[in-house]
Amino acid sequence: MKPPRLADRFLQFFCAPHLLEEVQGDLHEEFDYQVKRIGLRRARWLYWWEVMGFMKLRYVKRKPSIYPTTYLYSPTMLQNYFKIAFRNLLKHKGYSFINIFGLATGMAVAILSGLWVWDELSFNQYHQNYARIAQVMIRETDEGNVGYSNSVQYPLATELKTNYQNNFKHIVTSSNSGDYILTAGESKFLRKGQFMEAKAPEMLSLKMIYGSWAGLNDPHSILISASTAQALFGDTDPLNQVMKINNKLDVTVTGVYEDLPLNSVFNDINFFAPFDLWVSDNEWVRESANNWHNHFLKVYVEIQPTTDFERVSKTIKDAELKNIGDLKDKVAENPQVFLHPMHNWHLYPFKNGAVNPEPTQMVWLIGIIGAFVLLLACINFVNLSTARSEKRAKEVGIRKAIGSVQGQLISQFFSESFLVVLLSFFLAFFLLLFTLTWFNDLSAKAISIPWTNAYFWLFCLLFIFVTGLLAGSYPSFYLSSFQPIKVLKGINVVNRFAFTPRKVLVVFQFTISVTLIISTIVVYRQVQFAKNRPVGYTREGLLMLAMKSDAFSGKHEILRTELKNTGAVSEISASMGRMTQVSSNNDGLEWKGKKPEQDKSFSTITVSHEHGKTVGWQFVKGRDFSRKYATDSSGIVINEAAMKYMGLQNPLGETISWKFRENTAYFQVIGIIKDMVMESPYEPVKPAIFYIKPINGKPNWLNVKINSSVSISQALPKIEAVFKKIVPTVPFDYQFVDEEYNAKFKAEERIGKLATFFAVLAIFISCLGLFGLASFVAEQRTKEIGIRKVLGASVTNLWQLLSKDFVVLVIISCFIAVPIAYYFMNKWLQKYIYRTEISWWIFVVTAILAVSITLLTVSFQALKAALINPVKSLKSE
Amino acid sequence: MKRVYLGEFEEIVLLAVAVMEGQAYGVAITHEILHETGRDVRLNQVHSALQRLEEKGMVKSEMGEPTAERGGRRKRLFSVTTFGQRTLHEIQEVRASFWNRLANPLKLSV
């Protein structure tokens with residue numbers, strides 16, 4: 001007949017000790033009484049009920065101690081703490097340097113990655129209406145495949161304006177962005193621009209330097225960015241200046257806006273011109289006014305402040321479906337119109353029918369790596385502080401003996417670590433100032449330190465605080481827990497197990513470092529692998545120019561002759577789209593033995609006769625186009641991928657038909673070339689056909705092959721002179737094919753560089769820590785080494801003795817890091833179709849590298865200790 | 001003089017302590033109150049009332065003898081202090097004087 005044990009335990013847990021006896025006594029007596037009165041079962045319930053009744057502050061509050069409270073935060077003591085801390089820092093300059101410098105590096109990296117993440121998250125926030133701007137998109141389902149498109153049809157824009165206007169503050173229809181020639185007087189430049197409706201400047205809250213947001217109301221106006229204005233007009237007032245777009249459209253400058261920052265999607269747009277001007281210039285646009293098949297417009301909207309994106313998306317979702325009743329093929333795709341909010345444009349873009357997770361993954365990755373590097377630096381701090389504990393043990397003992405309580409010592413060591421963190425923070429800031437431009441280059445960003453942002457400083461304070469806690473907690477609790485009797489007697493307080501956490505920390509550090517090194521190597525190997533891929537044409541000395549203007553029409557032959565006459569050019573050709581991009585893909589091809597399921601689209605590229613000679617494509621079979629044969633106008637050159645896809649054994653002379661829109665063209669295969677890598681170097685080359693007949697549009701790019709015996713610097717002025725003579729209205733704006741091709745590796749190279757940056761830092765910080773630890777161990781074992789030497793140990797023996805422990809730790813980290821790195825890098829490689837293997841030697845090389853770095857770091861201290869004259873180390877005491 | 005106010009429940013507990021003459025402790029008081037007033041009180045209420053009374057100086061306490069049903073725990077025995085007695089008297093007087101001034105003694109409306 002005992003009361004419930006659990007209830008009793010619970011009571012003992014929460015009730016203040018000085019009240020427990022009487023309360024529990026009363027409870028038990030009552031229980032005893034109630035058992036007799038109402039039976040055991042109900043008495044037990046009652047007991048619980050009564051116990052719960054005592055859960056009041058009055059009973060929980062502990063009795064204050066009868067001893068006077070010591071003040072944890074007395075200014076005198078704090079002063080003393082800082083004084084001692086400074087003296088300690090100055091006395092052990094080496095450790096202090098390692099501590100502060102290591103921590104500063106870690107903090108600088110953490111702040112950098114923090115700024116990077118912030119920059120990513122604040123993308124597009126330059127635009128004041130950021131929270132309410134969206135782009136109209138359409139979701140279509142084609143035979144189970146979901147596709148998202150931000151290009152919409154002209155009638156959809158009209159429909160939104162007619163029937164859904166009340167949801168929106170602005171609906172701005174816009175062309176795609178594109179390169180245009182801007183001419184003002186003698187100066188002409190190629191600039192990216194977009195034709196947008198008049199409300200665009202207001203919606204995007206452009207910061208106007210000259211003119212106003214109303215600038216686009218005039219149908220023959222243009223708003224240009226400050227840098228473009230500077231380039232075109234120099235220091236003269238650009239307002240009301242007359243200029244031309246593509247040598248054709250006369251416009252007047254009605255405003256100049258501040259250049260848009262790098263973290264705005266409209267950053268590269270250097271002018272805005274009225275949408276109607278574009279429409280008036282392009283007949284096909286006017287013809288598409290009621291065509292639900294042609295997706296070619298961008299529609300940006302700003303929703304009303306009273307509503308939200310979700311609601312508007314719901315309202316407009318059938319805006320297309322309602323109007324396409326008679327178009328069965330469109331209805332089958334079930335087009336759903338929705339809004340893609342501006343705050344999702346950068347981090348949640350659509351790709352291949354789903355949200356592309358890469359931008360968010362990158363943010364996480366950089367954030368996590370930054371945190372890890374900081375953690376490495378904090379681990380150094382912890383390791384070195386605890387390693388030095390023996391030095392501080394006596395101090396702790398004496399402080400305790402004269403009346404310090406543990407709380408005071410904890411606050412002492414915390415104030416010490418906060419001091420170090422504070423010093424490191426200032427140093428980190430200096431490092432940051434020096435590395436920021438370099439980091440911006442590396443990451444292709446324009447990050448600056450937000451000096452005036454209160455949140456930034458608040459964040460810095462929080463950051464200092466967190467780092468201080470992270471670095472200071474373990475040492476302060478560990479050091480303050482020493483027992484005064486033991487340390488003052490001189491018993492070795494640092495027991496065997498005190499080393500274990502330190503070892504774990506070293507292993508942890510090196511695991512991260514080794515993982516990063518392996519990742520770096522794999523990233524570089526992948527880039528190298530793709531770079532070494534045979535591309536099937538010659539990139540060197542190949543220029544390309546966009547034929548933007550009508551000025552080029554009919555000038556091809558004369559250009560060719562004049563250019564060749566200079567001797568600097570060996571051949572030129574025209575092609576549809578550039579060499580480093582396939583701009584035209586079509587289906588509708590038929591050949592002998594085509595199976596119905598073969599509906600893959602082909603790259604369809606119109607070229608001039610000399611294209612092959614210019615770019616140097618390589619024939620597997622057959623011959624190139626030639627002007628000698630008139631029939632070559634219906635000749636076709638296909639690539640190996642196309643040959644394989646078509647499954648033709650001997651394709652030469654085969655007829656291929658192509659139905660483009662209403663017309664069907666017939667071709668004879670005259671040659672088969674090796675695959676040319678024009679698009680992503682990580683993906684297989686698509687089947688491609690090349691032909692002379694301008695079926696799906698005229699060639700719009702010019703390719704110029706520089707004579708290999710003439711240097712590029714000599715050739716360029718000659719080429720430019722010819723262009724100036726023949727097409728004087730067009731700026732000589734060219735690109736090198738090899739440079740453009742290399743740009744395809746930018747993203748990967750950037751990842752590689754970032755990975756190197758982090759890997760080098762991680763290994764640097766880890767080595768700093770190891771160096772400190774090794775020197776400490778060497779110092780501790782001075783006597784032992786002296787005795788060993790006297791007894792005949794060689795320097796090699798001693799070096800082995802001191803280095804062995806650390807090497808073992810690093811080898812353990814390698815074993816942990818290998819599977820981790822393999823897992824992640826394998827996953828990363830999966831996204832490339834054309835990819836390298838992770839070969840075993842990468843791991844071996846990394847392990848050897850890590851061990852040798854460790855040996856180098858440790859040996860310095862080990863040899864120093866081993867070389868000390870034993871007389872010196874043994875003579876004290 | 002400055003009055004120390006007593007809550008109604010505190011007054012009942014104080015009276016109970018006074019009545020029980022040195023044998024007053026938590027459970028006993030609870031039972032006494034239940035017996036006298038029929039009120040179902042919980043132990044914690046009595047305990048906190050006693051604590052408050054002690055803080056106000058109306059009762060004093062000492063530890064008593066351990067008993068078996070308490071699992072060998074001692075009880076805290078309360079007794080009324082002089083100040084507590086005086087307070088009870090004053091309360092009584094105030095009430096009496098009001099009752100005396102009542103022209104028509106109240107009839108219980110049944």
# chains A, B, ... in the order shown; residues from 1 in each chain; ligands from 1
call {"tool": "interface_residues", "arguments": {"of": "chain B", "to": "chain A", "cutoff": "10 Å", "atoms": "only C-alpha atoms", "output": "list in words"}}
result
Tyr25, Gly26, Val27, Ala28, Thr30, His31, Arg42, Leu43, Asn44, Gln45, His47, Ser48, Gln51, Met63, Gly64, Pro66, Thr67, Ala68, Glu69, Arg70, Gly71, Gly72, Arg73, Arg74, Lys75, Arg76 and Leu77 of chain B
call {"tool": "select_by_dssp", "arguments": {"residues": "range 19-90 of chain B", "states": "helix (DSSP H, G or I)", "output": "PyMOL selection string"}}
result
chain B and resi 19-20+26-37+43-56+82-90
call {"tool": "residues_around", "arguments": {"residues": "range 263-270 of chain A", "least_positions_apart": "5", "cutoff": "9 Å", "atoms": "only C-alpha atoms", "output": "JSON list (two decimals) with N, CA and C atoms, in the first residue's frame"}}
result
[["chain", "number", "residue", "atom", "x", "y", "z"],
["A", 119, "ASP", "N", 23.57, 37.76, -50.87],
["A", 119, "ASP", "CA", 23.45, 38.30, -52.21],
["A", 119, "ASP", "C", 22.49, 37.45, -53.04],
["A", 120, "GLU", "N", 22.62, 36.13, -52.89],
["A", 120, "GLU", "CA", 21.74, 35.23, -53.64],
["A", 120, "GLU", "C", 20.29, 35.42, -53.20],
["A", 122, "SER", "N", 18.95, 37.99, -51.81],
["A", 122, "SER", "CA", 18.37, 39.32, -52.04],
["A", 122, "SER", "C", 18.33, 39.65, -53.51],
["A", 123, "PHE", "N", 18.43, 38.63, -54.36],
["A", 123, "PHE", "CA", 18.39, 38.86, -55.79],
["A", 123, "PHE", "C", 17.11, 39.60, -56.19],
["A", 124, "ASN", "N", 17.26, 40.56, -57.07],
["A", 124, "ASN", "CA", 16.12, 41.34, -57.60],
["A", 124, "ASN", "C", 15.49, 42.29, -56.60],
["A", 125, "GLN", "N", 16.02, 42.34, -55.38],
["A", 125, "GLN", "CA", 15.36, 43.22, -54.40],
["A", 125, "GLN", "C", 15.62, 44.69, -54.67],
["A", 126, "TYR", "N", 16.48, 44.97, -55.66],
["A", 126, "TYR", "CA", 16.71, 46.34, -56.07],
["A", 126, "TYR", "C", 15.39, 46.98, -56.52],
["A", 127, "HIS", "N", 14.55, 46.16, -57.11],
["A", 127, "HIS", "CA", 13.27, 46.67, -57.59],
["A", 127, "HIS", "C", 12.30, 46.80, -56.42],
["A", 177, "SER", "N", 14.78, 39.85, -74.62],
["A", 177, "SER", "CA", 15.93, 40.74, -74.70],
["A", 177, "SER", "C", 16.81, 40.28, -75.85],
["A", 178, "GLY", "N", 17.49, 41.24, -76.46],
["A", 178, "GLY", "CA", 18.34, 40.88, -77.60],
["A", 178, "GLY", "C", 19.38, 41.94, -77.84],
["A", 191, "ARG", "N", 24.35, 46.71, -77.94],
["A", 191, "ARG", "CA", 23.88, 46.66, -76.56],
["A", 191, "ARG", "C", 22.63, 45.78, -76.46],
["A", 192, "LYS", "N", 22.48, 45.14, -75.30],
["A", 192, "LYS", "CA", 21.28, 44.34, -75.06],
["A", 192, "LYS", "C", 20.15, 45.27, -74.64],
["A", 193, "GLY", "N", 18.99, 45.00, -75.18],
["A", 193, "GLY", "CA", 17.86, 45.83, -74.80],
["A", 193, "GLY", "C", 16.57, 45.05, -74.90],
["A", 194, "GLN", "N", 15.50, 45.67, -74.42],
["A", 194, "GLN", "CA", 14.20, 45.00, -74.42],
["A", 194, "GLN", "C", 13.13, 46.03, -74.76],
["A", 223, "LEU", "N", 14.84, 54.62, -73.34],
["A", 223, "LEU", "CA", 15.49, 54.87, -72.05],
["A", 223, "LEU", "C", 16.80, 54.10, -72.07],
["A", 224, "ILE", "N", 17.89, 54.77, -71.75],
["A", 224, "ILE", "CA", 19.17, 54.06, -71.77],
["A", 224, "ILE", "C", 19.82, 54.08, -70.40],
["A", 225, "SER", "N", 20.66, 53.10, -70.15],
["A", 225, "SER", "CA", 21.34, 53.03, -68.87],
["A", 225, "SER", "C", 22.44, 54.06, -68.82],
["A", 226, "ALA", "N", 22.86, 54.41, -67.61],
["A", 226, "ALA", "CA", 23.86, 55.47, -67.43],
["A", 226, "ALA", "C", 25.14, 55.14, -68.19],
["A", 227, "SER", "N", 25.56, 53.86, -68.13],
["A", 227, "SER", "CA", 26.83, 53.52, -68.78],
["A", 227, "SER", "C", 26.70, 53.62, -70.30],
["A", 228, "THR", "N", 25.53, 53.24, -70.83],
["A", 228, "THR", "CA", 25.31, 53.36, -72.26],
["A", 228, "THR", "C", 25.31, 54.84, -72.68],
["A", 345, "TRP", "N", 12.43, 33.99, -59.14],
["A", 345, "TRP", "CA", 13.07, 33.92, -60.45],
["A", 345, "TRP", "C", 14.47, 33.37, -60.38],
["A", 346, "HIS", "N", 15.20, 33.85, -59.40],
["A", 346, "HIS", "CA", 16.62, 33.49, -59.38],
["A", 346, "HIS", "C", 16.88, 32.13, -58.72],
["A", 445, "LYS", "N", 30.35, 38.07, -58.89],
["A", 445, "LYS", "CA", 29.33, 38.83, -58.17],
["A", 445, "LYS", "C", 29.87, 40.22, -57.89],
["A", 446, "ALA", "N", 28.99, 41.10, -57.44],
["A", 446, "ALA", "CA", 29.44, 42.43, -57.03],
["A", 446, "ALA", "C", 29.04, 42.64, -55.58]]
call {"tool": "atom_distance", "arguments": {"atom1": "CA of Val507 in chain A", "atom2": "CA of Ala817 in chain A"}}
result
9.8 Å
call {"tool": "atom_distance", "arguments": {"atom1": "CA of Leu563 in chain A", "atom2": "CA of Phe723 in chain A"}}
result
8.6 Å
call {"tool": "residues_around", "arguments": {"residues": "range 78-91 of chain B", "least_positions_apart": "5", "cutoff": "10 Å", "atoms": "only C-alpha atoms", "output": "VMD selection string"}}
result
chain B and resid 3 to 6 11 14 to 26 29 50 53 to 54 56 to 64 96
call {"tool": "write_last_selection", "arguments": {"atoms": "C-alpha atoms", "output": "PDB file, in the first residue's frame"}}
result
ATOM      1  CA  ARG B   3      -3.897  46.256   9.428  1.00  0.00           C
ATOM      2  CA  VAL B   4      -2.589  43.092   7.970  1.00  0.00           C
ATOM      3  CA  TYR B   5      -5.311  41.748   5.800  1.00  0.00           C
ATOM      4  CA  LEU B   6      -6.249  38.148   5.828  1.00  0.00           C
ATOM      5  CA  GLU B  11      -8.681  33.239   8.232  1.00  0.00           C
ATOM      6  CA  LEU B  14      -5.667  30.448  11.072  1.00  0.00           C
ATOM      7  CA  LEU B  15      -8.744  29.616  13.109  1.00  0.00           C
ATOM      8  CA  ALA B  16      -8.168  25.935  12.532  1.00  0.00           C
ATOM      9  CA  VAL B  17      -4.606  26.276  13.733  1.00  0.00           C
ATOM     10  CA  ALA B  18      -5.822  28.145  16.803  1.00  0.00           C
ATOM     11  CA  VAL B  19      -8.421  25.494  17.574  1.00  0.00           C
ATOM     12  CA  MET B  20      -6.018  22.623  17.238  1.00  0.00           C
ATOM     13  CA  GLU B  21      -3.674  23.998  19.895  1.00  0.00           C
ATOM     14  CA  GLY B  22      -0.218  22.975  18.792  1.00  0.00           C
ATOM     15  CA  GLN B  23      -1.328  19.776  17.002  1.00  0.00           C
ATOM     16  CA  ALA B  24      -1.929  21.605  13.722  1.00  0.00           C
ATOM     17  CA  TYR B  25      -0.172  20.375  10.578  1.00  0.00           C
ATOM     18  CA  GLY B  26      -1.049  20.083   6.889  1.00  0.00           C
ATOM     19  CA  ILE B  29      -5.841  21.033   9.183  1.00  0.00           C
ATOM     20  CA  LEU B  50       0.186  28.281   6.034  1.00  0.00           C
ATOM     21  CA  LEU B  53       0.489  33.139   7.300  1.00  0.00           C
ATOM     22  CA  GLU B  54       3.963  32.380   8.483  1.00  0.00           C
ATOM     23  CA  LYS B  56       2.876  37.507   7.760  1.00  0.00           C
ATOM     24  CA  GLY B  57       3.916  36.441  11.233  1.00  0.00           C
ATOM     25  CA  MET B  58       0.524  35.040  12.289  1.00  0.00           C
ATOM     26  CA  VAL B  59       1.765  31.533  12.910  1.00  0.00           C
ATOM     27  CA  LYS B  60       5.034  29.986  13.872  1.00  0.00           C
ATOM     28  CA  SER B  61       6.152  26.458  13.255  1.00  0.00           C
ATOM     29  CA  GLU B  62       8.499  23.747  14.418  1.00  0.00           C
ATOM     30  CA  MET B  63       9.254  20.244  13.238  1.00  0.00           C
ATOM     31  CA  GLY B  64       7.402  17.524  15.134  1.00  0.00           C
ATOM     32  CA  ALA B  96     -19.315  42.325  16.150  1.00  0.00           C
TER      33      ALA B  96
END
call {"tool": "atom_distance", "arguments": {"atom1": "CA of Phe275 in chain A", "atom2": "CA of Ala200 in chain A"}}
result
10.1 Å
call {"tool": "residues_around", "arguments": {"residues": "Trp438 in chain A", "least_positions_apart": "6", "cutoff": "12 Å", "atoms": "only C-alpha atoms", "output": "count of residues only"}}
result
11
call {"tool": "select_by_dssp", "arguments": {"residues": "range 13-192 of chain A", "states": "strand (DSSP E or B)", "output": "PyMOL selection string"}}
result
chain A and resi 133-142+145-149+152-153+168-174+178-184+187-192
call {"tool": "closest_residue", "arguments": {"among": "A:Leu103, A:Glu779, A:Leu90, A:Gly752", "to": "Gly468 in chain A", "atoms": "only C-alpha atoms"}}
result
A:Leu103
call {"tool": "residues_around", "arguments": {"residues": "range 766-771 of chain A", "least_positions_apart": "5", "cutoff": "9 Å", "atoms": "only C-alpha atoms", "output": "MDAnalysis selection string"}}
result
chainID A and resid 98:99 101:102 376:377 379:381 383:384 506 509:510 513 761 776 806 853:854 857:858 860:861
call {"tool": "write_last_selection", "arguments": {"atoms": "N, CA and C atoms", "output": "PDB file, in the first residue's frame"}}
result
ATOM      1  N   ILE A  98      48.457  31.723 -33.776  1.00  0.00           N
ATOM      2  CA  ILE A  98      47.732  30.630 -34.425  1.00  0.00           C
ATOM      3  C   ILE A  98      46.241  30.736 -34.143  1.00  0.00           C
ATOM      4  N   ASN A  99      45.933  31.009 -32.886  1.00  0.00           N
ATOM      5  CA  ASN A  99      44.536  31.115 -32.486  1.00  0.00           C
ATOM      6  C   ASN A  99      43.827  32.232 -33.216  1.00  0.00           C
ATOM      7  N   PHE A 101      44.829  34.192 -35.763  1.00  0.00           N
ATOM      8  CA  PHE A 101      44.888  34.178 -37.216  1.00  0.00           C
ATOM      9  C   PHE A 101      43.981  33.093 -37.797  1.00  0.00           C
ATOM     10  N   GLY A 102      44.045  31.917 -37.175  1.00  0.00           N
ATOM     11  CA  GLY A 102      43.192  30.821 -37.644  1.00  0.00           C
ATOM     12  C   GLY A 102      41.727  31.179 -37.529  1.00  0.00           C
ATOM     13  N   LEU A 376      35.965  24.600 -38.124  1.00  0.00           N
ATOM     14  CA  LEU A 376      37.354  24.142 -38.072  1.00  0.00           C
ATOM     15  C   LEU A 376      38.187  25.095 -37.226  1.00  0.00           C
ATOM     16  N   ALA A 377      38.000  26.389 -37.477  1.00  0.00           N
ATOM     17  CA  ALA A 377      38.767  27.379 -36.734  1.00  0.00           C
ATOM     18  C   ALA A 377      38.416  27.328 -35.251  1.00  0.00           C
ATOM     19  N   ILE A 379      37.419  24.726 -33.673  1.00  0.00           N
ATOM     20  CA  ILE A 379      38.010  23.505 -33.136  1.00  0.00           C
ATOM     21  C   ILE A 379      39.464  23.750 -32.766  1.00  0.00           C
ATOM     22  N   ASN A 380      40.177  24.502 -33.614  1.00  0.00           N
ATOM     23  CA  ASN A 380      41.553  24.866 -33.275  1.00  0.00           C
ATOM     24  C   ASN A 380      41.615  25.541 -31.928  1.00  0.00           C
ATOM     25  N   PHE A 381      40.726  26.487 -31.778  1.00  0.00           N
ATOM     26  CA  PHE A 381      40.705  27.253 -30.541  1.00  0.00           C
ATOM     27  C   PHE A 381      40.488  26.319 -29.355  1.00  0.00           C
ATOM     28  N   ASN A 383      40.979  23.102 -29.195  1.00  0.00           N
ATOM     29  CA  ASN A 383      42.102  22.195 -29.043  1.00  0.00           C
ATOM     30  C   ASN A 383      43.280  22.851 -28.351  1.00  0.00           C
ATOM     31  N   LEU A 384      43.619  24.017 -28.809  1.00  0.00           N
ATOM     32  CA  LEU A 384      44.782  24.692 -28.233  1.00  0.00           C
ATOM     33  C   LEU A 384      44.515  25.110 -26.794  1.00  0.00           C
ATOM     34  N   VAL A 506      40.616  16.623 -34.114  1.00  0.00           N
ATOM     35  CA  VAL A 506      41.609  16.635 -35.206  1.00  0.00           C
ATOM     36  C   VAL A 506      41.110  15.778 -36.371  1.00  0.00           C
ATOM     37  N   GLN A 509      38.459  17.665 -38.221  1.00  0.00           N
ATOM     38  CA  GLN A 509      39.045  18.713 -39.071  1.00  0.00           C
ATOM     39  C   GLN A 509      39.588  18.139 -40.359  1.00  0.00           C
ATOM     40  N   PHE A 510      40.371  17.079 -40.225  1.00  0.00           N
ATOM     41  CA  PHE A 510      41.010  16.558 -41.415  1.00  0.00           C
ATOM     42  C   PHE A 510      40.029  15.836 -42.328  1.00  0.00           C
ATOM     43  N   SER A 513      38.758  18.597 -44.412  1.00  0.00           N
ATOM     44  CA  SER A 513      39.774  19.063 -45.357  1.00  0.00           C
ATOM     45  C   SER A 513      39.973  18.064 -46.488  1.00  0.00           C
ATOM     46  N   LEU A 761      41.838  26.742 -47.653  1.00  0.00           N
ATOM     47  CA  LEU A 761      41.639  27.356 -46.339  1.00  0.00           C
ATOM     48  C   LEU A 761      41.444  26.304 -45.260  1.00  0.00           C
ATOM     49  N   PHE A 776      52.851  21.870 -28.748  1.00  0.00           N
ATOM     50  CA  PHE A 776      52.507  21.692 -27.347  1.00  0.00           C
ATOM     51  C   PHE A 776      52.926  20.319 -26.835  1.00  0.00           C
ATOM     52  N   PHE A 806      49.973  11.807 -34.828  1.00  0.00           N
ATOM     53  CA  PHE A 806      49.227  12.698 -35.714  1.00  0.00           C
ATOM     54  C   PHE A 806      48.969  12.044 -37.061  1.00  0.00           C
ATOM     55  N   ILE A 853      51.444  16.701 -45.869  1.00  0.00           N
ATOM     56  CA  ILE A 853      51.256  18.022 -45.260  1.00  0.00           C
ATOM     57  C   ILE A 853      51.340  17.911 -43.746  1.00  0.00           C
ATOM     58  N   THR A 854      50.703  16.868 -43.223  1.00  0.00           N
ATOM     59  CA  THR A 854      50.739  16.662 -41.780  1.00  0.00           C
ATOM     60  C   THR A 854      52.189  16.474 -41.309  1.00  0.00           C
ATOM     61  N   THR A 857      54.071  19.657 -41.260  1.00  0.00           N
ATOM     62  CA  THR A 857      53.650  20.514 -40.157  1.00  0.00           C
ATOM     63  C   THR A 857      54.227  20.026 -38.832  1.00  0.00           C
ATOM     64  N   VAL A 858      54.075  18.729 -38.630  1.00  0.00           N
ATOM     65  CA  VAL A 858      54.452  18.176 -37.331  1.00  0.00           C
ATOM     66  C   VAL A 858      55.971  18.061 -37.202  1.00  0.00           C
ATOM     67  N   PHE A 860      58.423  19.821 -38.117  1.00  0.00           N
ATOM     68  CA  PHE A 860      59.136  21.015 -37.668  1.00  0.00           C
ATOM     69  C   PHE A 860      59.271  21.022 -36.145  1.00  0.00           C
ATOM     70  N   GLN A 861      58.134  20.778 -35.500  1.00  0.00           N
ATOM     71  CA  GLN A 861      58.150  20.758 -34.038  1.00  0.00           C
ATOM     72  C   GLN A 861      58.880  19.522 -33.511  1.00  0.00           C
TER      73      GLN A 861
END
call {"tool": "closest_residue", "arguments": {"among": "A:Gln668, A:Ile689, A:Lys207, A:Phe508", "to": "Asn586 in chain A", "atoms": "only C-alpha atoms"}}
result
A:Ile689
